[in-house]
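Engineer: Sending over data.pdb (PDB, C-alpha atoms, pLDDT in the B column).
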```
ATOM      1  CA  MET P   1       0.000   0.000   0.000  1.00 52.00           C
ATOM      2  CA  GLU P   2       2.852   2.389   0.814  1.00 61.00           C
ATOM      3  CA  ASP P   3       4.223   2.121  -2.729  1.00 83.00           C
ATOM      4  CA  GLN P   4       0.902   1.894  -4.563  1.00 93.00           C
ATOM      5  CA  VAL P   5       0.734   4.339  -7.453  1.00 97.00           C
ATOM      6  CA  LYS P   6      -2.462   5.491  -9.142  1.00 97.00           C
ATOM      7  CA  VAL P   7      -3.060   8.049 -11.883  1.00 98.00           C
ATOM      8  CA  LEU P   8      -6.422   9.738 -12.322  1.00 97.00           C
ATOM      9  CA  GLY P   9      -6.686  11.028 -15.865  1.00 96.00           C
ATOM     10  CA  ALA P  10      -8.974  11.685 -18.803  1.00 95.00           C
ATOM     11  CA  TRP P  11      -8.558  10.947 -22.489  1.00 94.00           C
ATOM     12  CA  PRO P  12      -7.165  12.666 -24.529  1.00 91.00           C
ATOM     13  CA  SER P  13      -5.647  15.240 -22.181  1.00 91.00           C
ATOM     14  CA  PRO P  14      -1.923  15.612 -22.980  1.00 91.00           C
ATOM     15  CA  TYR P  15      -1.320  16.713 -19.401  1.00 92.00           C
ATOM     16  CA  CYS P  16      -2.424  13.294 -18.225  1.00 95.00           C
ATOM     17  CA  TYR P  17      -0.216  11.682 -20.835  1.00 96.00           C
ATOM     18  CA  ARG P  18       2.723  13.647 -19.403  1.00 96.00           C
ATOM     19  CA  VAL P  19       2.362  11.741 -16.169  1.00 98.00           C
ATOM     20  CA  LEU P  20       1.995   8.369 -17.900  1.00 98.00           C
ATOM     21  CA  TRP P  21       5.080   8.998 -20.051  1.00 98.00           C
ATOM     22  CA  ALA P  22       7.192   9.955 -17.048  1.00 98.00           C
ATOM     23  CA  LEU P  23       6.076   6.886 -15.112  1.00 98.00           C
ATOM     24  CA  ASN P  24       6.758   4.663 -18.116  1.00 98.00           C
ATOM     25  CA  LEU P  25      10.280   6.045 -18.365  1.00 97.00           C
ATOM     26  CA  LYS P  26      10.855   5.532 -14.640  1.00 96.00           C
ATOM     27  CA  SER P  27       9.156   2.105 -14.664  1.00 92.00           C
ATOM     28  CA  PRO P  28       7.258   1.949 -11.350  1.00 93.00           C
ATOM     29  CA  LYS P  29       4.060  -0.063 -11.544  1.00 95.00           C
ATOM     30  CA  TYR P  30       0.927   2.061 -11.549  1.00 97.00           C
ATOM     31  CA  GLU P  31      -2.815   1.837 -12.011  1.00 97.00           C
ATOM     32  CA  TYR P  32      -4.571   4.195 -14.405  1.00 97.00           C
ATOM     33  CA  LEU P  33      -8.111   5.334 -13.587  1.00 97.00           C
ATOM     34  CA  GLU P  34     -10.050   7.049 -16.369  1.00 97.00           C
ATOM     35  CA  GLU P  35     -12.249   9.942 -15.244  1.00 95.00           C
ATOM     36  CA  ASP P  36     -15.428  11.219 -16.861  1.00 93.00           C
ATOM     37  CA  LEU P  37     -15.087  14.952 -16.329  1.00 89.00           C
ATOM     38  CA  ALA P  38     -18.781  15.466 -16.998  1.00 89.00           C
ATOM     39  CA  ASN P  39     -19.499  13.174 -14.049  1.00 93.00           C
ATOM     40  CA  LYS P  40     -16.521  13.397 -11.705  1.00 94.00           C
ATOM     41  CA  THR P  41     -15.977  10.580  -9.277  1.00 96.00           C
ATOM     42  CA  ASP P  42     -15.883  10.998  -5.538  1.00 97.00           C
ATOM     43  CA  LEU P  43     -12.293   9.778  -5.734  1.00 96.00           C
ATOM     44  CA  LEU P  44     -11.254  12.741  -7.896  1.00 96.00           C
ATOM     45  CA  LEU P  45     -13.080  15.208  -5.668  1.00 96.00           C
ATOM     46  CA  GLN P  46     -11.425  13.623  -2.647  1.00 97.00           C
ATOM     47  CA  TYR P  47      -7.905  13.699  -4.053  1.00 97.00           C
ATOM     48  CA  ASN P  48      -8.126  17.108  -5.749  1.00 95.00           C
ATOM     49  CA  PRO P  49     -10.676  19.151  -3.797  1.00 95.00           C
ATOM     50  CA  VAL P  50      -9.073  22.468  -4.809  1.00 93.00           C
ATOM     51  CA  TYR P  51      -9.190  22.340  -8.621  1.00 91.00           C
ATOM     52  CA  LYS P  52     -11.244  19.149  -9.064  1.00 91.00           C
ATOM     53  CA  LYS P  53      -9.354  18.293 -12.246  1.00 93.00           C
ATOM     54  CA  VAL P  54      -6.947  15.786 -13.723  1.00 95.00           C
ATOM     55  CA  PRO P  55      -4.244  14.628 -13.697  1.00 95.00           C
ATOM     56  CA  VAL P  56      -3.774  13.487 -10.140  1.00 97.00           C
ATOM     57  CA  LEU P  57      -0.975  11.171  -9.025  1.00 98.00           C
ATOM     58  CA  VAL P  58      -1.691   9.179  -5.876  1.00 98.00           C
ATOM     59  CA  HIS P  59       1.347   7.599  -4.239  1.00 97.00           C
ATOM     60  CA  GLY P  60       0.851   5.640  -1.055  1.00 95.00           C
ATOM     61  CA  GLY P  61      -2.531   7.291  -0.584  1.00 95.00           C
ATOM     62  CA  LYS P  62      -1.109  10.811  -0.895  1.00 96.00           C
ATOM     63  CA  PRO P  63      -2.343  12.874  -3.882  1.00 97.00           C
ATOM     64  CA  ILE P  64      -0.307  15.293  -5.992  1.00 97.00           C
ATOM     65  CA  SER P  65      -1.949  17.485  -8.640  1.00 95.00           C
ATOM     66  CA  GLU P  66      -0.794  19.809 -11.451  1.00 93.00           C
ATOM     67  CA  SER P  67       1.139  18.005 -14.162  1.00 94.00           C
ATOM     68  CA  LEU P  68       4.470  19.854 -13.905  1.00 95.00           C
ATOM     69  CA  VAL P  69       4.437  19.445 -10.127  1.00 96.00           C
ATOM     70  CA  ILE P  70       3.731  15.747 -10.628  1.00 97.00           C
ATOM     71  CA  LEU P  71       6.664  15.430 -13.040  1.00 97.00           C
ATOM     72  CA  GLU P  72       8.989  16.966 -10.440  1.00 97.00           C
ATOM     73  CA  TYR P  73       7.648  14.571  -7.802  1.00 98.00           C
ATOM     74  CA  ILE P  74       8.192  11.581 -10.086  1.00 98.00           C
ATOM     75  CA  GLU P  75      11.744  12.742 -10.786  1.00 98.00           C
ATOM     76  CA  GLU P  76      12.559  13.015  -7.090  1.00 97.00           C
ATOM     77  CA  THR P  77      10.787   9.831  -6.026  1.00 97.00           C
ATOM     78  CA  TRP P  78      12.170   7.527  -8.719  1.00 96.00           C
ATOM     79  CA  PRO P  79      15.691   8.763  -9.523  1.00 93.00           C
ATOM     80  CA  GLN P  80      16.412   6.099 -12.159  1.00 94.00           C
ATOM     81  CA  ASN P  81      16.406   7.328 -15.755  1.00 95.00           C
ATOM     82  CA  PRO P  82      16.649  10.991 -14.722  1.00 96.00           C
ATOM     83  CA  LEU P  83      14.453  13.534 -16.498  1.00 97.00           C
ATOM     84  CA  LEU P  84      16.535  16.529 -15.451  1.00 97.00           C
ATOM     85  CA  PRO P  85      20.232  17.190 -16.231  1.00 95.00           C
ATOM     86  CA  GLN P  86      22.807  17.034 -13.454  1.00 94.00           C
ATOM     87  CA  ASP P  87      24.180  20.521 -14.061  1.00 96.00           C
ATOM     88  CA  PRO P  88      22.236  23.125 -12.013  1.00 97.00           C
ATOM     89  CA  TYR P  89      22.111  25.622 -14.888  1.00 97.00           C
ATOM     90  CA  ASP P  90      20.868  22.998 -17.322  1.00 96.00           C
ATOM     91  CA  ARG P  91      18.240  21.922 -14.795  1.00 96.00           C
ATOM     92  CA  ALA P  92      17.084  25.517 -14.463  1.00 97.00           C
ATOM     93  CA  MET P  93      16.859  25.875 -18.238  1.00 97.00           C
ATOM     94  CA  ALA P  94      14.857  22.654 -18.518  1.00 97.00           C
ATOM     95  CA  ARG P  95      12.356  23.999 -15.996  1.00 97.00           C
ATOM     96  CA  PHE P  96      12.326  27.401 -17.713  1.00 96.00           C
ATOM     97  CA  TRP P  97      11.347  25.982 -21.103  1.00 95.00           C
ATOM     98  CA  ALA P  98       8.793  23.620 -19.577  1.00 94.00           C
ATOM     99  CA  LYS P  99       7.174  26.610 -17.871  1.00 91.00           C
ATOM    100  CA  PHE P 100       7.478  28.671 -21.059  1.00 89.00           C
ATOM    101  CA  GLY P 101       5.502  26.028 -22.911  1.00 86.00           C
ATOM    102  CA  ASP P 102       2.775  26.069 -20.293  1.00 83.00           C
ATOM    103  CA  ASP P 103       2.688  29.851 -20.038  1.00 78.00           C
ATOM    104  CA  LYS P 104       2.412  30.323 -23.795  1.00 65.00           C
ATOM    105  CA  SER P 105      -0.180  27.616 -24.226  1.00 62.00           C
ATOM    106  CA  ASN P 106      -1.987  28.577 -20.988  1.00 52.00           C
ATOM    107  CA  SER P 107      -2.275  24.905 -20.305  1.00 41.00           C
ATOM    108  CA  ASN P 108      -2.727  22.372 -17.505  1.00 40.00           C
ATOM    109  CA  GLY P 109      -5.804  20.376 -18.025  1.00 40.00           C
ATOM    110  CA  SER P 110      -9.282  20.480 -19.444  1.00 42.00           C
ATOM    111  CA  CYS P 111     -11.935  23.085 -19.983  1.00 48.00           C
ATOM    112  CA  GLN P 112     -14.699  22.860 -17.415  1.00 42.00           C
ATOM    113  CA  LYS P 113     -16.898  25.280 -19.364  1.00 43.00           C
ATOM    114  CA  TRP P 114     -16.773  23.547 -22.748  1.00 42.00           C
ATOM    115  CA  GLY P 115     -16.029  19.999 -21.624  1.00 47.00           C
ATOM    116  CA  CYS P 116     -12.980  19.593 -23.845  1.00 50.00           C
ATOM    117  CA  GLN P 117      -9.475  18.223 -23.438  1.00 51.00           C
ATOM    118  CA  MET P 118      -7.506  20.861 -25.297  1.00 55.00           C
ATOM    119  CA  PRO P 119      -3.693  20.931 -25.095  1.00 58.00           C
ATOM    120  CA  PHE P 120      -3.999  24.642 -24.372  1.00 52.00           C
ATOM    121  CA  CYS P 121      -7.116  24.932 -22.261  1.00 52.00           C
ATOM    122  CA  ASN P 122      -6.897  26.004 -18.642  1.00 44.00           C
ATOM    123  CA  PRO P 123      -9.871  25.323 -16.377  1.00 39.00           C
ATOM    124  CA  GLU P 124      -8.505  27.738 -13.775  1.00 35.00           C
ATOM    125  CA  HIS P 125      -9.139  30.621 -16.156  1.00 35.00           C
ATOM    126  CA  CYS P 126     -12.419  29.648 -17.790  1.00 37.00           C
ATOM    127  CA  PHE P 127     -14.062  32.964 -18.468  1.00 31.00           C
ATOM    128  CA  ASP P 128     -17.716  33.835 -18.955  1.00 30.00           C
ATOM    129  CA  THR P 129     -17.314  33.849 -22.722  1.00 30.00           C
ATOM    130  CA  TYR P 130     -14.779  32.137 -24.925  1.00 31.00           C
ATOM    131  CA  GLU P 131     -14.340  35.455 -26.753  1.00 31.00           C
ATOM    132  CA  GLN P 132     -12.696  36.747 -23.569  1.00 30.00           C
ATOM    133  CA  TYR P 133     -10.845  33.504 -23.094  1.00 34.00           C
ATOM    134  CA  PHE P 134      -9.022  33.136 -26.392  1.00 33.00           C
ATOM    135  CA  CYS P 135      -7.493  36.606 -26.048  1.00 32.00           C
ATOM    136  CA  PHE P 136      -5.231  35.002 -23.447  1.00 37.00           C
ATOM    137  CA  ASN P 137      -4.427  31.981 -25.538  1.00 67.00           C
ATOM    138  CA  VAL P 138      -3.020  32.008 -29.039  1.00 72.00           C
ATOM    139  CA  PHE P 139      -3.179  28.233 -29.478  1.00 76.00           C
ATOM    140  CA  MET P 140      -6.764  28.152 -28.291  1.00 78.00           C
ATOM    141  CA  ALA P 141      -7.522  30.973 -30.720  1.00 81.00           C
ATOM    142  CA  ILE P 142      -6.463  29.028 -33.799  1.00 86.00           C
ATOM    143  CA  PHE P 143      -8.951  26.349 -32.853  1.00 85.00           C
ATOM    144  CA  ILE P 144     -12.051  28.393 -32.086  1.00 85.00           C
ATOM    145  CA  THR P 145     -11.792  31.212 -34.636  1.00 86.00           C
ATOM    146  CA  VAL P 146     -12.089  31.612 -38.390  1.00 89.00           C
ATOM    147  CA  GLY P 147     -10.995  34.130 -40.994  1.00 92.00           C
ATOM    148  CA  GLU P 148      -8.747  37.043 -40.056  1.00 92.00           C
ATOM    149  CA  GLU P 149      -8.804  36.247 -36.342  1.00 89.00           C
ATOM    150  CA  GLN P 150      -7.574  32.736 -37.020  1.00 90.00           C
ATOM    151  CA  GLU P 151      -4.881  34.003 -39.395  1.00 92.00           C
ATOM    152  CA  LYS P 152      -3.632  36.417 -36.744  1.00 90.00           C
ATOM    153  CA  ALA P 153      -3.575  33.687 -34.117  1.00 89.00           C
ATOM    154  CA  ALA P 154      -1.762  31.332 -36.499  1.00 92.00           C
ATOM    155  CA  LYS P 155       0.955  33.939 -37.086  1.00 92.00           C
ATOM    156  CA  GLU P 156       1.452  34.395 -33.349  1.00 90.00           C
ATOM    157  CA  ALA P 157       1.500  30.626 -32.787  1.00 91.00           C
ATOM    158  CA  LYS P 158       4.225  30.209 -35.404  1.00 94.00           C
ATOM    159  CA  GLU P 159       6.282  32.875 -33.629  1.00 93.00           C
ATOM    160  CA  GLN P 160       6.075  30.899 -30.380  1.00 91.00           C
ATOM    161  CA  LEU P 161       7.008  27.675 -32.149  1.00 94.00           C
ATOM    162  CA  LYS P 162       9.998  29.398 -33.754  1.00 96.00           C
ATOM    163  CA  ILE P 163      11.212  30.492 -30.314  1.00 95.00           C
ATOM    164  CA  LEU P 164      11.018  26.896 -29.135  1.00 96.00           C
ATOM    165  CA  GLU P 165      12.879  25.614 -32.182  1.00 97.00           C
ATOM    166  CA  GLU P 166      15.665  28.187 -32.242  1.00 97.00           C
ATOM    167  CA  GLN P 167      16.212  29.027 -28.582  1.00 96.00           C
ATOM    168  CA  ALA P 168      15.006  26.009 -26.629  1.00 97.00           C
ATOM    169  CA  LEU P 169      15.804  23.078 -28.918  1.00 97.00           C
ATOM    170  CA  GLY P 170      18.600  24.492 -31.039  1.00 96.00           C
ATOM    171  CA  GLU P 171      20.886  21.766 -32.374  1.00 96.00           C
ATOM    172  CA  LYS P 172      20.122  19.285 -29.593  1.00 96.00           C
ATOM    173  CA  LYS P 173      18.404  15.954 -30.156  1.00 97.00           C
ATOM    174  CA  PHE P 174      16.021  16.637 -27.287  1.00 97.00           C
ATOM    175  CA  PHE P 175      15.192  19.770 -25.356  1.00 96.00           C
ATOM    176  CA  CYS P 176      17.235  18.493 -22.418  1.00 90.00           C
ATOM    177  CA  GLY P 177      20.206  17.342 -24.506  1.00 93.00           C
ATOM    178  CA  ASN P 178      20.986  13.933 -25.978  1.00 93.00           C
ATOM    179  CA  ARG P 179      18.253  12.111 -24.070  1.00 95.00           C
ATOM    180  CA  ILE P 180      14.612  12.737 -23.403  1.00 97.00           C
ATOM    181  CA  GLY P 181      13.826  14.814 -20.338  1.00 97.00           C
ATOM    182  CA  LEU P 182      11.239  16.806 -18.452  1.00 98.00           C
ATOM    183  CA  THR P 183      11.014  19.588 -21.047  1.00 97.00           C
ATOM    184  CA  ASP P 184      10.359  17.108 -23.840  1.00 98.00           C
ATOM    185  CA  ILE P 185       7.566  15.513 -21.841  1.00 97.00           C
ATOM    186  CA  ALA P 186       6.086  18.915 -21.013  1.00 95.00           C
ATOM    187  CA  LEU P 187       6.093  19.850 -24.703  1.00 95.00           C
ATOM    188  CA  GLY P 188       4.923  16.438 -25.843  1.00 95.00           C
ATOM    189  CA  TRP P 189       1.556  17.850 -26.939  1.00 93.00           C
ATOM    190  CA  ILE P 190       3.395  19.381 -29.908  1.00 93.00           C
ATOM    191  CA  ALA P 191       4.418  15.890 -31.025  1.00 95.00           C
ATOM    192  CA  GLY P 192       1.163  14.078 -30.398  1.00 91.00           C
ATOM    193  CA  TRP P 193      -1.597  16.668 -30.616  1.00 92.00           C
ATOM    194  CA  LEU P 194      -0.664  19.728 -32.662  1.00 92.00           C
ATOM    195  CA  ASP P 195      -1.002  18.149 -36.110  1.00 92.00           C
ATOM    196  CA  VAL P 196      -4.457  16.865 -35.157  1.00 93.00           C
ATOM    197  CA  ILE P 197      -5.476  20.334 -33.992  1.00 91.00           C
ATOM    198  CA  GLU P 198      -4.085  21.789 -37.222  1.00 92.00           C
ATOM    199  CA  GLU P 199      -6.110  19.413 -39.370  1.00 94.00           C
ATOM    200  CA  ALA P 200      -9.271  19.929 -37.348  1.00 93.00           C
ATOM    201  CA  ALA P 201      -8.859  23.707 -37.665  1.00 92.00           C
ATOM    202  CA  GLY P 202      -7.869  23.620 -41.345  1.00 93.00           C
ATOM    203  CA  LEU P 203      -4.388  25.026 -40.750  1.00 91.00           C
ATOM    204  CA  ASN P 204      -0.775  24.083 -41.396  1.00 91.00           C
ATOM    205  CA  LEU P 205       1.333  25.649 -38.654  1.00 91.00           C
ATOM    206  CA  LEU P 206       4.261  23.317 -38.204  1.00 93.00           C
ATOM    207  CA  GLU P 207       5.509  23.081 -41.784  1.00 94.00           C
ATOM    208  CA  ALA P 208       8.536  20.840 -42.219  1.00 94.00           C
ATOM    209  CA  GLU P 209      10.488  23.365 -44.284  1.00 95.00           C
ATOM    210  CA  SER P 210       9.891  26.121 -41.726  1.00 96.00           C
ATOM    211  CA  PHE P 211      10.510  23.999 -38.618  1.00 97.00           C
ATOM    212  CA  PRO P 212      12.935  21.220 -39.602  1.00 97.00           C
ATOM    213  CA  ARG P 213      14.412  20.777 -36.129  1.00 97.00           C
ATOM    214  CA  LEU P 214      11.026  20.536 -34.417  1.00 98.00           C
ATOM    215  CA  HIS P 215       9.938  18.009 -37.018  1.00 97.00           C
ATOM    216  CA  ALA P 216      13.051  15.908 -36.380  1.00 97.00           C
ATOM    217  CA  TRP P 217      12.442  16.164 -32.620  1.00 98.00           C
ATOM    218  CA  ILE P 218       8.835  15.013 -33.057  1.00 98.00           C
ATOM    219  CA  GLN P 219       9.983  11.862 -34.847  1.00 97.00           C
ATOM    220  CA  ARG P 220      12.581  11.107 -32.167  1.00 98.00           C
ATOM    221  CA  PHE P 221      10.082  11.774 -29.386  1.00 98.00           C
ATOM    222  CA  LYS P 222       7.520   9.381 -30.840  1.00 97.00           C
ATOM    223  CA  GLU P 223      10.077   6.578 -31.051  1.00 97.00           C
ATOM    224  CA  VAL P 224      11.164   6.698 -27.395  1.00 97.00           C
ATOM    225  CA  PRO P 225      10.242   3.450 -25.593  1.00 96.00           C
ATOM    226  CA  GLY P 226       7.592   4.189 -23.022  1.00 96.00           C
ATOM    227  CA  ILE P 227       6.156   6.957 -25.164  1.00 97.00           C
ATOM    228  CA  LYS P 228       5.561   5.332 -28.536  1.00 96.00           C
ATOM    229  CA  GLU P 229       3.382   2.689 -26.867  1.00 96.00           C
ATOM    230  CA  GLN P 230       1.458   5.383 -24.983  1.00 96.00           C
ATOM    231  CA  LEU P 231       0.265   7.761 -27.695  1.00 96.00           C
ATOM    232  CA  PRO P 232      -3.461   8.330 -28.276  1.00 94.00           C
ATOM    233  CA  ASP P 233      -5.035   7.082 -31.485  1.00 95.00           C
ATOM    234  CA  ARG P 234      -4.810   9.866 -34.063  1.00 95.00           C
ATOM    235  CA  HIS P 235      -8.024   8.971 -35.876  1.00 96.00           C
ATOM    236  CA  GLU P 236     -10.052   8.991 -32.676  1.00 96.00           C
ATOM    237  CA  MET P 237      -8.517  12.316 -31.640  1.00 94.00           C
ATOM    238  CA  LEU P 238      -9.308  13.873 -35.011  1.00 95.00           C
ATOM    239  CA  ILE P 239     -12.962  12.920 -34.682  1.00 96.00           C
ATOM    240  CA  TYR P 240     -12.989  14.294 -31.143  1.00 92.00           C
ATOM    241  CA  TYR P 241     -11.393  17.643 -31.981  1.00 91.00           C
ATOM    242  CA  ARG P 242     -13.466  18.167 -35.103  1.00 94.00           C
ATOM    243  CA  GLN P 243     -16.571  17.794 -32.985  1.00 92.00           C
ATOM    244  CA  LYS P 244     -15.205  20.244 -30.430  1.00 89.00           C
ATOM    245  CA  ARG P 245     -14.335  22.788 -33.116  1.00 90.00           C
ATOM    246  CA  GLU P 246     -17.844  22.576 -34.531  1.00 91.00           C
ATOM    247  CA  MET P 247     -19.178  23.217 -31.050  1.00 87.00           C
ATOM    248  CA  PHE P 248     -16.936  26.263 -30.576  1.00 83.00           C
ATOM    249  CA  ILE P 249     -17.718  27.758 -33.965  1.00 85.00           C
ATOM    250  CA  ALA P 250     -21.459  27.271 -33.484  1.00 85.00           C
ATOM    251  CA  SER P 251     -21.446  28.900 -30.038  1.00 75.00           C
TER     252      SER P 251
END
```
Show me, as structure tokens, the structure contained in the file I just sent.
Structural biologist:
Amino acid sequence: MEDQVKVLGAWPSPYCYRVLWALNLKSPKYEYLEEDLANKTDLLLQYNPVYKKVPVLVHGGKPISESLVILEYIEETWPQNPLLPQDPYDRAMARFWAKFGDDKSNSNGSCQKWGCQMPFCNPEHCFDTYEQYFCFNVFMAIFITVGEEQEKAAKEAKEQLKILEEQALGEKKFFCGNRIGLTDIALGWIAGWLDVIEEAAGLNLLEAESFPRLHAWIQRFKEVPGIKEQLPDRHEMLIYYRQKREMFIAS
């Protein structure tokens, strides 16, 4: 019981997949419990009474919430296959770019208002209208807008992706160096979700000729053992996000 590990999550939230990827890389045994966010279980409300959202890691009966916090806990609890570099400066930079990705995507979970699992949707800041909401969120904006507003959001999103490619990734194989690390896991939604969002929204943001290093990183990321077996089905996600986009546009 002391070492029992449970993960409360919801498909297809990439923030829940973060936790699963990290655990797969560290290799402790765990139990995954799928949540229906439209009908939250008493277990979720018990373990995360503050935000009432996923993911939640439960270790020995003690819950930890917020995906980046959970990743840090996993790193400290299971030191094998480290996710952070040894050098203090490199560790700080890994945390910086992980936080940058969350800040720019305004992420960490699922939208309580619209019932979606967007890679860039933050239930802590779910405003009265999504018109207010997408002003804070360029990646959300490309998904719920059309015409000139979508074009403007797409331009801004490409600028953020270019920063990640040139300043965070650079010439490295992974964001943390020669091996996968915490930053890669935090930005994993780019590898597994962004192209689905692009197709659902009728856009092409991450063009191979414009972002060759990010494209190469995506391929490496998807081939890492522990991650390649734990990627959501693309076809099912495309159906899901197309339905969500129709809902947003019609609202």
Engineer: Name the closest residue to Arg245 (chain P) among the candidates P:Asp103, P:Glu199, P:Asp42, P:Glu149; distances are taken between atoms, counting only C-alpha atoms.
Structural biologist: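 Closest residue, counting only C-alpha atoms: P:Glu199.
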Engineer: Quick one: residues within 12 Å of Gln160 (chain P), only C-alpha atoms, excluding same-chain residues fewer than 6 positions away - as a list in words?
Structural biologist: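 Counting only the stated atoms, we get Trp97, Phe100, Gly101, Asp102, Asp103, Lys104, Ser105, Asn137, Val138, Phe139, Ala153, Ala154, Glu166, Gln167, Ala168, Ile190, Leu205, Leu206 and Phe211 of chain P.
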Engineer: May I ask which of the residues P:Asn39, P:Ser65, P:Gln150, P:Asn178 is the closest one to Cys16 (chain P), counting all atoms listed in the file?
Structural biologist: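 Among the listed residues, P:Ser65 lies closest to Cys16 (chain P).
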Engineer: Using only C-alpha atoms, which of the listed residues (P:Leu83, P:Arg95, P:Trp11, P:Gln4) sits closest to Glu236 (chain P)?
Structural biologist: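 Ranked by minimum distance to Glu236 (chain P), first place goes to P:Trp11.
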Engineer: From the list P:Tyr32, P:Tyr15, P:Trp217, P:Trp193, which residue is nearest Phe175 (chain P) when using only C-alpha atoms?
Structural biologist: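 Looking at the shortest contact to Phe175 (chain P), the residue is P:Trp217.
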Engineer: Please define a box with edges along x, y and z of the file around all atoms of region 45-51 of chain P given in the file, extend it by 3 Å on each side, and return its centre and edge lengths in Å to one decimal, as JSON.
Structural biologist:
```
{"center_x": -10.5, "center_y": 18.0, "center_z": -5.6, "size_x": 11.2, "size_y": 14.8, "size_z": 12.0}
```
Engineer: Choose the residue, out of P:Val58, P:Ala38, P:Ala92, P:Leu169, that has the smallest atom-to-atom separation from Ala216 (chain P); count all atoms listed in the file.
Structural biologist: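 Ranking P:Val58, P:Ala38, P:Ala92, P:Leu169 by distance to Ala216 (chain P), first place goes to P:Leu169.
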Engineer: Determine, counting only C-alpha atoms, every residue of protein, DNA or RNA that lies within 9 Å of (17.5, 11.0, -23.5) in the file coordinates, then give the result as a ChimeraX atom specification.
Structural biologist: /P:81-83,173-174,176-181,224
Engineer: By how many Å are CA of Glu72 (chain P) and CA of Glu171 (chain P) apart?
Structural biologist: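 Separating CA of Glu72 (chain P) from CA of Glu171 (chain P) is a distance of 25.4 Å.
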Engineer: What do you get, as a PyMOL selection string, if you spell out every residue that the PyMOL selection byres ((chain P and resi 249) around 9) selects here?
Structural biologist: chain P and resi 143-146+244-248+250-251
Engineer: Report the residues retrieved by the PyMOL selection byres ((chain P and resi 225) around 12) from the displayed file, expressed as a PyMOL selection string.
Structural biologist: chain P and resi 21-27+179-180+220-224+226-231
Engineer: Just how far from CA of His235 (chain P) is CA of Arg213 (chain P), in Å to one decimal?
Structural biologist: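 Computed distance, CA of Arg213 (chain P) to CA of His235 (chain P), equals 25.4 Å.
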Engineer: How many Å lie between CA of Gln80 (chain P) and CA of Leu164 (chain P), rounded to one decimal?
Structural biologist: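 Separation between CA of Gln80 (chain P) and CA of Leu164 (chain P): 27.4 Å.
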Engineer: Which residue out of P:Gly147, P:Pro28, P:Pro232, P:Gly61 has the minimum interatomic distance to Thr77 (chain P) when all atoms listed in the file are used?
Structural biologist: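 Between P:Gly147, P:Pro28, P:Pro232, P:Gly61, the residue approaching Thr77 (chain P) most closely is P:Pro28.
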Engineer: Run through the PyMOL selection byres ((chain P and resi 48-57) around 9) on the given coordinates and return the selected residues as a ChimeraX atom specification.
Structural biologist: /P:5-10,13,15-17,19,35,37,40,43-47,58-59,62-67,70,108-110,112,123-124
Engineer: Just the selected residues (C-alpha atoms), exported as a short mmCIF file (atom, residue, chain, number, x, y, z; two decimals), in the coordinates of the input, please.
Structural biologist:
```cif
data_model
loop_
_atom_site.label_atom_id
_atom_site.label_comp_id
_atom_site.auth_asym_id
_atom_site.auth_seq_id
_atom_site.Cartn_x
_atom_site.Cartn_y
_atom_site.Cartn_z
CA VAL P 5 0.73 4.34 -7.45
CA LYS P 6 -2.46 5.49 -9.14
CA VAL P 7 -3.06 8.05 -11.88
CA LEU P 8 -6.42 9.74 -12.32
CA GLY P 9 -6.69 11.03 -15.86
CA ALA P 10 -8.97 11.68 -18.80
CA SER P 13 -5.65 15.24 -22.18
CA TYR P 15 -1.32 16.71 -19.40
CA CYS P 16 -2.42 13.29 -18.23
CA TYR P 17 -0.22 11.68 -20.84
CA VAL P 19 2.36 11.74 -16.17
CA GLU P 35 -12.25 9.94 -15.24
CA LEU P 37 -15.09 14.95 -16.33
CA LYS P 40 -16.52 13.40 -11.70
CA LEU P 43 -12.29 9.78 -5.73
CA LEU P 44 -11.25 12.74 -7.90
CA LEU P 45 -13.08 15.21 -5.67
CA GLN P 46 -11.42 13.62 -2.65
CA TYR P 47 -7.90 13.70 -4.05
CA VAL P 58 -1.69 9.18 -5.88
CA HIS P 59 1.35 7.60 -4.24
CA LYS P 62 -1.11 10.81 -0.90
CA PRO P 63 -2.34 12.87 -3.88
CA ILE P 64 -0.31 15.29 -5.99
CA SER P 65 -1.95 17.48 -8.64
CA GLU P 66 -0.79 19.81 -11.45
CA SER P 67 1.14 18.00 -14.16
CA ILE P 70 3.73 15.75 -10.63
CA ASN P 108 -2.73 22.37 -17.50
CA GLY P 109 -5.80 20.38 -18.02
CA SER P 110 -9.28 20.48 -19.44
CA GLN P 112 -14.70 22.86 -17.42
CA PRO P 123 -9.87 25.32 -16.38
CA GLU P 124 -8.51 27.74 -13.78
#
```
